[in-house]
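K.L.:
Pasting run.txt here (compact mmCIF, C-alpha atoms):
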# COMPACT_ATOMS: atom_id res chain seq x y z
CA MET A 632 78.76 72.74 57.14
CA GLY A 633 79.17 69.50 59.03
CA SER A 634 82.85 70.01 59.89
CA SER A 635 83.73 71.69 63.14
CA TYR A 636 86.08 74.62 63.65
CA ARG A 637 88.68 72.36 65.21
CA GLY A 638 88.50 70.06 62.25
CA ARG A 639 89.47 72.80 59.83
CA HIS A 640 92.25 74.43 61.83
CA LYS A 641 94.94 72.85 63.89
CA LEU A 642 95.28 74.32 67.37
CA ARG A 643 98.76 75.35 68.35
CA ARG A 644 99.95 74.73 71.85
CA LEU A 645 101.49 77.66 73.65
CA GLN A 646 104.97 76.95 74.79
CA LYS A 647 106.54 78.49 77.85
CA PRO A 648 109.48 80.70 76.97
CA ALA A 649 112.85 79.52 78.16
CA VAL A 650 113.72 81.63 81.20
CA ASP A 651 117.03 81.75 83.00
CA LYS A 652 115.84 83.96 85.88
CA PRO A 653 113.45 83.06 88.69
CA ILE A 654 109.95 84.53 88.40
CA ASP A 655 110.53 86.90 91.36
CA GLU A 656 113.38 88.61 89.53
CA LEU A 657 111.34 88.94 86.36
CA LEU A 658 108.43 90.51 88.25
CA LYS A 659 110.75 92.87 90.09
CA GLY A 660 111.94 94.19 86.73
CA LEU A 661 108.33 94.89 85.68
CA ARG A 662 107.39 96.88 88.77
CA PRO A 663 107.71 100.66 88.40
CA LYS A 664 110.56 102.24 90.27
CA PRO A 665 109.37 104.71 92.94
CA SER A 666 110.04 108.27 91.88
CA ALA A 667 110.28 111.43 93.95
CA SER A 668 106.65 112.24 93.19
CA SER A 669 105.24 108.77 93.77
CA ASN A 670 102.50 108.03 96.30
CA SER A 671 104.72 106.10 98.71
CA SER A 672 107.39 108.79 98.59
CA TYR A 673 105.16 111.73 99.55
CA ARG A 674 103.33 109.57 102.08
CA GLU A 675 106.56 108.71 103.88
CA GLN A 676 107.61 112.34 103.66
CA SER A 677 104.33 113.51 105.18
CA LEU A 678 104.57 110.98 108.00
CA LYS A 679 108.07 112.24 108.82
CA ILE A 680 107.05 115.91 108.70
CA HIS A 681 103.70 115.73 110.50
CA GLY A 682 104.26 112.68 112.69
CA LEU A 683 102.14 109.60 113.31
CA ILE A 684 99.06 111.51 114.47
CA CYS A 685 95.70 112.28 112.86
CA ALA A 686 95.35 116.03 112.26
CA LYS A 687 91.59 115.86 112.85
CA CYS A 688 90.91 113.52 115.80
CA ALA A 689 94.45 113.65 117.27
CA ARG A 690 94.67 109.87 117.53
CA GLU A 691 98.29 108.80 117.83
CA PHE A 692 99.62 105.82 115.90
CA GLU A 693 102.56 103.51 116.37
CA PHE A 694 104.90 102.35 113.63
CA LYS A 695 103.06 99.04 113.26
CA THR A 696 99.65 100.74 112.84
CA ARG A 697 100.78 103.61 110.61
CA HIS A 698 98.99 101.98 107.66
CA LEU A 699 95.81 103.45 109.19
CA LEU A 700 97.10 106.97 108.48
CA THR A 701 96.47 108.47 105.06
CA VAL A 702 97.74 111.66 103.45
CA HIS A 703 94.97 114.14 102.66
CA HIS A 704 95.69 116.86 100.11
CA LYS A 705 94.23 120.07 101.51
CA ASP A 706 93.59 121.59 98.07
CA GLY A 707 92.22 118.33 96.65
CA ASN A 708 94.96 118.07 94.01
CA HIS A 709 96.91 114.85 94.53
CA HIS A 710 99.57 116.06 92.10
CA ASN A 711 100.36 119.08 94.29
CA ASN A 712 103.08 117.64 96.52
CA PRO A 713 105.35 120.44 97.76
CA PRO A 714 108.48 119.18 99.54
CA ASP A 715 107.64 121.19 102.67
CA GLY A 716 104.35 119.27 103.10
CA SER A 717 102.21 122.41 103.18
CA ASN A 718 99.44 120.77 101.11
CA TRP A 719 99.27 117.61 103.22
CA GLU A 720 97.72 116.56 106.47
CA ASN A 721 97.81 113.08 107.95
CA LEU A 722 94.32 111.77 108.63
CA CYS A 723 93.30 108.39 109.98
CA VAL A 724 91.24 106.35 107.54
CA TYR A 725 88.03 107.23 109.41
CA CYS A 726 88.60 110.99 109.38
CA HIS A 727 89.78 110.85 105.75
CA ASP A 728 86.59 109.06 104.75
CA ASP A 729 84.56 111.62 106.72
CA GLU A 730 86.40 114.50 105.05
CA HIS A 731 85.60 113.25 101.55
CA SER A 732 82.00 112.28 102.31
CA ARG A 733 81.09 115.72 103.72
CA GLY A 734 80.77 117.17 100.23
CA ILE A 735 78.54 114.33 99.11
CA LEU A 736 76.30 114.72 102.17
CA GLY A 737 76.17 118.50 101.69
CA ASP A 738 75.15 118.11 98.05
CA TYR A 739 72.46 115.61 99.02
CA LEU A 740 71.04 117.86 101.76
CA ARG A 741 71.14 120.93 99.51
CA LYS A 742 69.22 119.08 96.78
CA ALA A 743 66.68 117.75 99.30
CA LYS A 744 66.12 121.29 100.62
CA GLU A 745 65.62 122.63 97.07
CA ASP A 746 63.15 119.85 96.28
CA ASN A 747 61.07 120.69 99.40
CA THR A 748 60.80 124.38 98.58
Could you show the structure in this file as C-alpha cells?

P.N.:
Amino acid sequence: MGSSYRGRHKLRRLQKPAVDKPIDELLKGLRPKPSASSNSSYREQSLKIHGLICAKCAREFEFKTRHLLTVHHKDGNHHNNPPDGSNWENLCVYCHDDEHSRGILGDYLRKAKEDNT
C-alpha cells in the first residue's frame, strides 16, 4: 500500500511524430472542403442574388461590412437551399435576431396571458 502509482508503472513519454510538411499544410488537409450545399456556398449565393441589403430594415452594406448580413431561411429549414434563392432573405444581424426572438416573446406573452386568466 505504501508504493505510489508512479512507482509501480513507468510513464512513457509521448514523442512527436516525424512530419515532413509544415503544420499549415497538415491543417489544411483536415479542414472539410466546401460543398455546393455548405453554409458559405449558399450564403455567397444569396448575397449575389439578393444584394448587400437587409430585406427587413433596408440597410445597405458594403463589401467590407457584409459579414453583418446573415441568410435567413424563410421556412425555417436550413437544409432547404434552392439554387434560385427562393427560401432565403438577407437580414442584418439585428433583424435576424429580432426575427428569431419574436416566437420566443410571443410564447412568453401567450403563457403570461393564460396564467392571468

K.L.:
For the atom pair atom CA of A:Glu675 and atom CA of A:Glu720, what is the interatomic distance in Å to one decimal place?

P.N.:
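The value is 12.1 Å.
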
K.L.:
Please return, as a count of residues only, all polymer residues that have at least one atom within 9 Å of the point (99.5, 104.5, 108.2); use all atoms listed in the file and the file's own coordinate frame.

P.N.:
18

K.L.:
Suppose you want the space between atom CA of A:Cys685 and atom CA of A:Asn711; what is it in Å?

P.N.:
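Rounded to one decimal, the two atoms are 20.3 Å apart.
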
K.L.:
What is the atom CA of A:Lys659 to atom CA of A:His710 distance in Å?

P.N.:
25.8 Å

K.L.:
Taking all atoms listed in the file into account, which of A:His709, A:Asp746, A:Tyr725, A:Trp719 comes nearest A:Gly682?

P.N.:
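Nearest candidate to A:Gly682 out of A:His709, A:Asp746, A:Tyr725, A:Trp719: A:Trp719.
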
K.L.:
Name the closest residue to A:Pro714 among the candidates A:Arg733, A:Lys687, A:Lys744, A:Lys679; distances are taken between atoms, counting only C-alpha atoms.

P.N.:
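Counting only C-alpha atoms, the residue closest to A:Pro714 is A:Lys679.
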